[in-house]
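Colleague: Following this line is model_23.json, made up of JSON, C-alpha atoms:
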```json
[["chain", "number", "residue", "atom", "x", "y", "z"],
["H", 36, "MET", "CA", 0.00, 0.00, 0.00],
["H", 37, "THR", "CA", 1.35, 3.42, -0.92],
["H", 38, "ALA", "CA", 1.46, 6.24, 1.59],
["H", 39, "PRO", "CA", -1.47, 8.63, 1.26],
["H", 40, "LYS", "CA", -0.66, 12.11, 0.02],
["H", 41, "ILE", "CA", -1.80, 14.75, 2.46],
["H", 42, "ILE", "CA", -1.95, 18.51, 2.06],
["H", 43, "ALA", "CA", -1.71, 20.56, 5.27],
["H", 44, "LEU", "CA", -3.20, 24.03, 4.99],
["H", 45, "ALA", "CA", -4.12, 26.83, 7.38],
["H", 46, "GLY", "CA", -6.60, 29.52, 6.46],
["H", 47, "SER", "CA", -4.44, 32.33, 7.77],
["H", 48, "LEU", "CA", -2.08, 34.82, 6.18],
["H", 49, "ARG", "CA", -0.58, 35.98, 9.48],
["H", 50, "LYS", "CA", 3.15, 35.33, 9.90],
["H", 51, "ASP", "CA", 2.87, 33.93, 13.44],
["H", 52, "SER", "CA", -0.52, 32.29, 12.96],
["H", 53, "PHE", "CA", -1.57, 29.91, 15.72],
["H", 54, "ASN", "CA", -3.52, 27.94, 13.13],
["H", 55, "GLN", "CA", -0.41, 27.58, 10.96],
["H", 56, "GLN", "CA", 1.52, 26.34, 13.99],
["H", 57, "LEU", "CA", -1.27, 23.88, 14.81],
["H", 58, "ILE", "CA", -1.44, 22.55, 11.24],
["H", 59, "ASN", "CA", 2.35, 22.19, 11.18],
["H", 60, "GLU", "CA", 2.05, 19.96, 14.23],
["H", 61, "ALA", "CA", -0.81, 17.98, 12.67],
["H", 62, "ALA", "CA", 1.36, 17.55, 9.55],
["H", 63, "ARG", "CA", 4.21, 16.24, 11.69],
["H", 64, "PHE", "CA", 1.90, 13.67, 13.30],
["H", 65, "ALA", "CA", 0.53, 12.62, 9.88],
["H", 66, "LEU", "CA", 4.08, 12.19, 8.61],
["H", 67, "GLU", "CA", 4.89, 10.03, 11.64],
["H", 68, "SER", "CA", 1.79, 7.97, 10.77],
["H", 69, "GLY", "CA", 3.24, 7.11, 7.37],
["H", 70, "ALA", "CA", 1.71, 9.76, 5.13],
["H", 71, "GLU", "CA", 3.45, 11.86, 2.53],
["H", 72, "VAL", "CA", 2.73, 15.43, 3.68],
["H", 73, "GLU", "CA", 3.10, 18.81, 2.02],
["H", 74, "ILE", "CA", 2.42, 22.03, 3.90],
["H", 75, "ILE", "CA", 0.97, 24.83, 1.80],
["H", 76, "LYS", "CA", 0.95, 28.38, 3.17],
["H", 77, "LEU", "CA", -1.68, 30.67, 1.67],
["H", 78, "ALA", "CA", 0.59, 33.66, 2.33],
["H", 79, "ASP", "CA", 3.13, 32.16, -0.10],
["H", 80, "LEU", "CA", 0.60, 32.08, -2.94],
["H", 81, "ASN", "CA", -0.53, 35.01, -5.07],
["H", 82, "ILE", "CA", -4.27, 34.39, -5.12],
["H", 83, "PRO", "CA", -6.36, 37.39, -6.20],
["H", 84, "LEU", "CA", -9.89, 37.88, -4.95],
["H", 85, "PHE", "CA", -12.08, 35.55, -6.98],
["H", 86, "ASN", "CA", -13.58, 37.31, -9.95],
["H", 87, "GLN", "CA", -14.98, 35.62, -13.05],
["H", 88, "ASP", "CA", -13.50, 38.38, -15.21],
["H", 89, "ILE", "CA", -10.01, 37.40, -13.97],
["H", 90, "GLU", "CA", -10.86, 33.72, -14.44],
["H", 91, "ALA", "CA", -11.99, 34.42, -18.03],
["H", 92, "GLN", "CA", -8.49, 35.73, -18.76],
["H", 93, "GLY", "CA", -6.99, 32.46, -17.49],
["H", 94, "THR", "CA", -6.52, 30.86, -14.13],
["H", 95, "PRO", "CA", -3.72, 32.58, -12.18],
["H", 96, "ALA", "CA", -0.57, 30.45, -11.91],
["H", 97, "ASP", "CA", -0.66, 30.04, -8.12],
["H", 98, "VAL", "CA", -4.34, 29.12, -8.23],
["H", 99, "GLN", "CA", -3.58, 26.46, -10.83],
["H", 100, "LEU", "CA", -0.72, 25.18, -8.64],
["H", 101, "LEU", "CA", -3.06, 24.94, -5.64],
["H", 102, "LYS", "CA", -5.65, 23.06, -7.70],
["H", 103, "GLU", "CA", -3.05, 20.59, -8.96],
["H", 104, "LYS", "CA", -1.73, 19.93, -5.46],
["H", 105, "LEU", "CA", -5.26, 19.39, -4.13],
["H", 106, "ARG", "CA", -6.15, 17.09, -7.03],
["H", 107, "ALA", "CA", -3.06, 14.97, -6.38],
["H", 108, "ALA", "CA", -3.79, 14.68, -2.65],
["H", 109, "ASP", "CA", -5.77, 11.97, -0.90],
["H", 110, "GLY", "CA", -6.53, 14.07, 2.14],
["H", 111, "ILE", "CA", -6.35, 17.54, 3.64],
["H", 112, "LEU", "CA", -5.43, 18.67, 7.13],
["H", 113, "LEU", "CA", -7.07, 22.07, 7.42],
["H", 114, "ALA", "CA", -6.89, 24.61, 10.25],
["H", 115, "SER", "CA", -9.29, 27.50, 10.05],
["H", 116, "PRO", "CA", -9.10, 30.61, 12.19],
["H", 117, "GLU", "CA", -12.46, 31.94, 13.27],
["H", 118, "TYR", "CA", -13.26, 35.47, 12.15],
["H", 119, "ASN", "CA", -16.56, 36.79, 13.46],
["H", 120, "GLY", "CA", -17.96, 33.30, 13.91],
["H", 121, "SER", "CA", -17.00, 32.15, 10.42],
["H", 122, "ILE", "CA", -13.94, 31.47, 8.26],
["H", 123, "THR", "CA", -11.29, 33.85, 7.01],
["H", 124, "ALA", "CA", -11.69, 35.64, 3.70],
["H", 125, "ALA", "CA", -8.33, 34.20, 2.61],
["H", 126, "LEU", "CA", -9.49, 30.62, 3.13],
["H", 127, "LYS", "CA", -12.89, 31.18, 1.53],
["H", 128, "ASN", "CA", -11.22, 32.83, -1.46],
["H", 129, "ALA", "CA", -8.77, 29.94, -1.87],
["H", 130, "ILE", "CA", -11.64, 27.44, -1.70],
["H", 131, "ASP", "CA", -13.69, 29.47, -4.20],
["H", 132, "TRP", "CA", -10.80, 29.55, -6.69],
["H", 133, "ALA", "CA", -9.82, 25.90, -6.20],
["H", 134, "SER", "CA", -13.41, 24.71, -6.54],
["H", 135, "ARG", "CA", -13.66, 26.11, -10.07],
["H", 136, "THR", "CA", -13.25, 23.21, -12.46],
["H", 137, "GLU", "CA", -11.96, 23.57, -15.98],
["H", 138, "GLN", "CA", -13.68, 21.50, -18.65],
["H", 139, "GLY", "CA", -12.44, 17.92, -18.49],
["H", 140, "ALA", "CA", -10.66, 18.42, -15.15],
["H", 141, "VAL", "CA", -11.38, 16.62, -11.90],
["H", 142, "PRO", "CA", -12.86, 18.88, -9.21],
["H", 143, "ALA", "CA", -10.05, 19.71, -6.76],
["H", 144, "PHE", "CA", -12.00, 18.89, -3.60],
["H", 145, "ARG", "CA", -14.04, 15.93, -4.83],
["H", 146, "ASN", "CA", -13.66, 12.89, -2.56],
["H", 147, "LYS", "CA", -10.82, 14.44, -0.55],
["H", 148, "VAL", "CA", -10.89, 13.38, 3.07],
["H", 149, "VAL", "CA", -10.60, 16.44, 5.30],
["H", 150, "ALA", "CA", -9.75, 16.76, 8.99],
["H", 151, "LEU", "CA", -10.73, 20.12, 10.49],
["H", 152, "PHE", "CA", -8.81, 21.98, 13.16],
["H", 153, "ALA", "CA", -9.10, 25.45, 14.66],
["H", 154, "ALA", "CA", -7.07, 27.33, 17.22],
["H", 155, "SER", "CA", -7.65, 30.54, 19.12],
["H", 156, "PRO", "CA", -6.47, 32.29, 22.25],
["H", 157, "GLY", "CA", -10.17, 32.47, 23.17],
["H", 158, "GLY", "CA", -12.21, 30.00, 25.15],
["H", 159, "LEU", "CA", -13.93, 28.28, 22.21],
["H", 160, "GLY", "CA", -10.79, 27.72, 20.16],
["H", 161, "GLY", "CA", -12.38, 28.76, 16.87],
["H", 162, "LEU", "CA", -15.13, 26.16, 17.12],
["H", 163, "ARG", "CA", -17.92, 28.36, 15.68],
["H", 164, "GLY", "CA", -16.19, 28.74, 12.33],
["H", 165, "LEU", "CA", -15.68, 25.02, 11.79],
["H", 166, "ASN", "CA", -19.33, 24.38, 10.94],
["H", 167, "HIS", "CA", -19.06, 26.91, 8.11],
["H", 168, "VAL", "CA", -15.90, 25.26, 6.79],
["H", 169, "ARG", "CA", -17.58, 21.86, 7.03],
["H", 170, "ASP", "CA", -20.62, 23.06, 5.07],
["H", 171, "ILE", "CA", -18.50, 24.68, 2.36],
["H", 172, "LEU", "CA", -16.19, 21.69, 1.89],
["H", 173, "SER", "CA", -19.04, 19.18, 1.95],
["H", 174, "GLY", "CA", -20.77, 21.29, -0.70],
["H", 175, "VAL", "CA", -17.77, 21.04, -3.03],
["H", 176, "GLY", "CA", -17.51, 17.26, -2.67],
["H", 177, "SER", "CA", -15.10, 16.69, 0.22],
["H", 178, "LEU", "CA", -15.55, 13.94, 2.76],
["H", 179, "VAL", "CA", -15.16, 15.85, 6.03],
["H", 180, "LEU", "CA", -14.40, 13.65, 9.02],
["H", 181, "ALA", "CA", -17.04, 13.77, 11.77],
["H", 182, "ASP", "CA", -14.34, 14.37, 14.37],
["H", 183, "GLN", "CA", -12.79, 17.82, 14.49],
["H", 184, "LEU", "CA", -10.62, 19.70, 16.97],
["H", 185, "ALA", "CA", -10.81, 23.26, 18.28],
["H", 186, "VAL", "CA", -7.93, 24.25, 20.56],
["H", 187, "PRO", "CA", -8.85, 27.02, 23.03],
["H", 188, "ALA", "CA", -6.18, 29.11, 24.79],
["H", 189, "VAL", "CA", -3.78, 27.89, 22.11],
["H", 190, "HIS", "CA", -1.09, 30.32, 23.21],
["H", 191, "THR", "CA", -0.74, 28.25, 26.43],
["H", 192, "VAL", "CA", -0.12, 24.93, 24.64],
["H", 193, "LEU", "CA", 2.47, 26.02, 22.05],
["H", 194, "ASP", "CA", 6.10, 26.64, 22.90],
["H", 195, "GLU", "CA", 8.33, 29.34, 21.38],
["H", 196, "ASN", "CA", 9.06, 27.03, 18.42],
["H", 197, "GLY", "CA", 5.37, 26.48, 17.65],
["H", 198, "GLN", "CA", 5.36, 22.93, 18.97],
["H", 199, "ILE", "CA", 2.67, 21.59, 21.26],
["H", 200, "ASN", "CA", 3.93, 21.36, 24.83],
["H", 201, "ASN", "CA", 0.72, 19.98, 26.34],
["H", 202, "PRO", "CA", 0.47, 16.16, 26.23],
["H", 203, "ASN", "CA", -3.35, 16.14, 26.18],
["H", 204, "THR", "CA", -3.49, 18.56, 23.23],
["H", 205, "ALA", "CA", -0.71, 16.69, 21.42],
["H", 206, "GLU", "CA", -2.64, 13.44, 21.83],
["H", 207, "LYS", "CA", -5.81, 14.97, 20.37],
["H", 208, "VAL", "CA", -4.01, 16.54, 17.39],
["H", 209, "SER", "CA", -2.13, 13.30, 16.75],
["H", 210, "ALA", "CA", -5.30, 11.20, 16.95],
["H", 211, "LEU", "CA", -7.16, 13.34, 14.40],
["H", 212, "ALA", "CA", -4.15, 13.42, 12.06],
["H", 213, "GLN", "CA", -3.84, 9.64, 12.34],
["H", 214, "GLN", "CA", -7.56, 9.23, 11.66],
["H", 215, "LEU", "CA", -7.18, 11.25, 8.47],
["H", 216, "VAL", "CA", -4.22, 9.14, 7.36],
["H", 217, "THR", "CA", -6.09, 5.92, 8.07],
["H", 218, "VAL", "CA", -9.25, 6.94, 6.20],
["H", 219, "ALA", "CA", -7.30, 8.44, 3.28],
["H", 220, "SER", "CA", -5.25, 5.22, 3.02],
["H", 221, "LYS", "CA", -8.40, 3.13, 2.77],
["H", 222, "LEU", "CA", -9.99, 5.37, 0.15],
["H", 223, "SER", "CA", -6.95, 6.01, -2.05]]
```
Take the structure I supplied and represent it as structure tokens, if you would.

Modeller:
Amino acid sequence: MTAPKIIALAGSLRKDSFNQQLINEAARFALESGAEVEIIKLADLNIPLFNQDIEAQGTPADVQLLKEKLRAADGILLASPEYNGSITAALKNAIDWASRTEQGAVPAFRNKVVALFAASPGGLGGLRGLNHVRDILSGVGSLVLADQLAVPAVHTVLDENGQINNPNTAEKVSALAQQLVTVASKLS
């Protein structure tokens, strides 16, 4: 059996994003579980605001790259910050662009297994936004795992290197990453 290909992505553009740190840790656990993992940072991609007029001129290069990476993946580890009870504009924009399917192409999110994470310094850990992410990804054909993880007071469980220093949190992140790897392995 070949190792499943997993994309790890956070819906934040912020340099010191807690969600990016969390997804980096989830990626590490997925790698330890035998997956092939690639971390994609939205801040590294030049993705304009979705506009059909831009799309009509041709899909931007970084959008096409994102689509190709998603199409090649078996699963997605996704951490979504919560902005006003929903998802970030950056993440929604990336999903909107990647969900656009060229004639004859495979939809980028179709049948991709997704594990959802969120992190916040607040008491709910970004939980309210995860339902919106779940609805959006389910609507574009992803298989979103029933289990998800919101990490409250995230600043207290990450060390100065962005690694989880709380055994309970590490166990939960590892378990969800392993679940994604297991399901993606069975479906790939």

Colleague: My list of candidates is H:Trp132, H:Phe64, H:Phe152, H:Phe144. Which is closest to H:Gln213 when distances are computed with all atoms listed in the file?

Modeller: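 Closest to H:Gln213 of all the choices is H:Phe64.
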
Colleague: What does the distance from atom CA of H:Ala188 to atom CA of H:Leu112 come to in Å, to one decimal?

Modeller: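 Distance between the two atoms: 20.5 Å.
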
Colleague: Work out how far apart atom CA of H:Ala108 and atom CA of H:Ile41 are and give it in Å to one decimal.

Modeller: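 So the answer is 5.5 Å.
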
Colleague: Dump as JSON lines the rows for residues of stretch 101-204 of chain H within 10 Å of stretch 89-97 of chain H: closest atom pair and distance in Å with one decimal, all atoms listed in the file counted, ordered by chain and rising residue number.

Modeller:
```
{"residue": "H:Leu101", "atom": "CA", "partner": "H:Asp97", "partner_atom": "CA", "distance": 6.2}
{"residue": "H:Lys102", "atom": "CA", "partner": "H:Asp97", "partner_atom": "CA", "distance": 8.6}
{"residue": "H:Glu103", "atom": "CA", "partner": "H:Asp97", "partner_atom": "CA", "distance": 9.8}
{"residue": "H:Trp132", "atom": "CA", "partner": "H:Thr94", "partner_atom": "CA", "distance": 8.7}
{"residue": "H:Ala133", "atom": "CA", "partner": "H:Thr94", "partner_atom": "CA", "distance": 9.9}
{"residue": "H:Arg135", "atom": "CA", "partner": "H:Glu90", "partner_atom": "CA", "distance": 9.2}
{"residue": "H:Glu137", "atom": "CA", "partner": "H:Thr94", "partner_atom": "CA", "distance": 9.3}
```

Colleague: Which is closest to H:Pro39 among H:Phe53, H:Val148, H:Leu77, H:Arg163, if we use all atoms listed in the file?

Modeller: H:Val148

Colleague: From the set H:Asp194, H:Gln138, H:Asp170, H:Ala210, which residue has the shortest atom-to-atom contact distance to H:Asp182, counting all atoms listed in the file?

Modeller: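 Of all the options, H:Ala210 lies closest to H:Asp182.
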
Colleague: Between H:Leu151, H:Ile82, H:Leu222, H:Leu184, single out the one closest to H:Ala205, counting only C-alpha atoms.

Modeller: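 Once distances to H:Ala205 are computed over only C-alpha atoms, the minimum belongs to H:Leu184.
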
Colleague: Out of H:Ser173, H:Thr191, H:Gln183, H:Thr123, which residue has the shortest atom-to-atom distance to H:Gly158 when counting all atoms listed in the file?

Modeller: H:Thr191

Colleague: Once you add 3 Å to each side, what are the centre and edge lengths of the axis-aligned box holding all listed atoms of stretch 85-102 of chain H? One decimal in Å, as AutoDock Vina command-line options, if you can.

Modeller:
```
--center_x -7.8 --center_y 30.7 --center_z -12.2 --size_x 20.4 --size_y 21.3 --size_z 19.1
```

Colleague: Can you patch up stretch 99-116 of chain H, filling it in to N, CA, C and O atoms, and show the result as a CSV table (one decimal), in the frame of the given file?

Modeller:
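Ended up saving to selection04.csv:
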```csv
chain,number,residue,atom,x,y,z
H,99,GLN,N,-3.7,27.7,-10.1
H,99,GLN,CA,-3.6,26.5,-10.8
H,99,GLN,C,-2.7,25.5,-10.0
H,99,GLN,O,-3.0,24.3,-10.0
H,100,LEU,N,-1.6,26.0,-9.5
H,100,LEU,CA,-0.7,25.2,-8.6
H,100,LEU,C,-1.5,24.6,-7.5
H,100,LEU,O,-1.4,23.4,-7.2
H,101,LEU,N,-2.3,25.4,-6.8
H,101,LEU,CA,-3.1,24.9,-5.6
H,101,LEU,C,-4.0,23.9,-6.1
H,101,LEU,O,-4.1,22.8,-5.4
H,102,LYS,N,-4.7,24.1,-7.2
H,102,LYS,CA,-5.6,23.1,-7.7
H,102,LYS,C,-4.9,21.7,-8.0
H,102,LYS,O,-5.4,20.7,-7.6
H,103,GLU,N,-3.8,21.8,-8.6
H,103,GLU,CA,-3.0,20.6,-9.0
H,103,GLU,C,-2.6,19.8,-7.7
H,103,GLU,O,-2.7,18.6,-7.7
H,104,LYS,N,-2.2,20.6,-6.7
H,104,LYS,CA,-1.7,19.9,-5.5
H,104,LYS,C,-2.9,19.3,-4.8
H,104,LYS,O,-2.8,18.2,-4.2
H,105,LEU,N,-4.1,20.0,-4.7
H,105,LEU,CA,-5.3,19.4,-4.1
H,105,LEU,C,-5.7,18.2,-4.9
H,105,LEU,O,-6.1,17.2,-4.3
H,106,ARG,N,-5.7,18.2,-6.2
H,106,ARG,CA,-6.2,17.1,-7.0
H,106,ARG,C,-5.3,15.9,-6.8
H,106,ARG,O,-5.8,14.7,-6.8
H,107,ALA,N,-4.0,16.1,-6.6
H,107,ALA,CA,-3.1,15.0,-6.4
H,107,ALA,C,-3.1,14.4,-5.0
H,107,ALA,O,-2.6,13.3,-4.7
H,108,ALA,N,-3.7,15.1,-4.0
H,108,ALA,CA,-3.8,14.7,-2.6
H,108,ALA,C,-4.9,13.7,-2.4
H,108,ALA,O,-5.9,13.7,-3.1
H,109,ASP,N,-4.7,12.9,-1.4
H,109,ASP,CA,-5.8,12.0,-0.9
H,109,ASP,C,-6.5,12.6,0.3
H,109,ASP,O,-7.7,12.2,0.5
H,110,GLY,N,-5.9,13.5,1.0
H,110,GLY,CA,-6.5,14.1,2.1
H,110,GLY,C,-6.0,15.4,2.4
H,110,GLY,O,-4.9,15.8,1.9
H,111,ILE,N,-6.7,16.2,3.3
H,111,ILE,CA,-6.4,17.5,3.6
H,111,ILE,C,-6.5,17.7,5.1
H,111,ILE,O,-7.5,17.4,5.7
H,112,LEU,N,-5.4,18.2,5.8
H,112,LEU,CA,-5.4,18.7,7.1
H,112,LEU,C,-5.7,20.2,7.0
H,112,LEU,O,-4.9,20.9,6.4
H,113,LEU,N,-6.7,20.7,7.6
H,113,LEU,CA,-7.1,22.1,7.4
H,113,LEU,C,-7.4,22.7,8.8
H,113,LEU,O,-8.2,22.3,9.5
H,114,ALA,N,-6.6,23.8,9.0
H,114,ALA,CA,-6.9,24.6,10.2
H,114,ALA,C,-7.5,25.9,9.8
H,114,ALA,O,-6.9,26.6,9.0
H,115,SER,N,-8.6,26.3,10.4
H,115,SER,CA,-9.3,27.5,10.0
H,115,SER,C,-9.4,28.4,11.2
H,115,SER,O,-10.1,28.1,12.2
H,116,PRO,N,-8.8,29.6,11.2
H,116,PRO,CA,-9.1,30.6,12.2
H,116,PRO,C,-10.6,31.0,12.1
H,116,PRO,O,-11.2,30.8,11.1
```
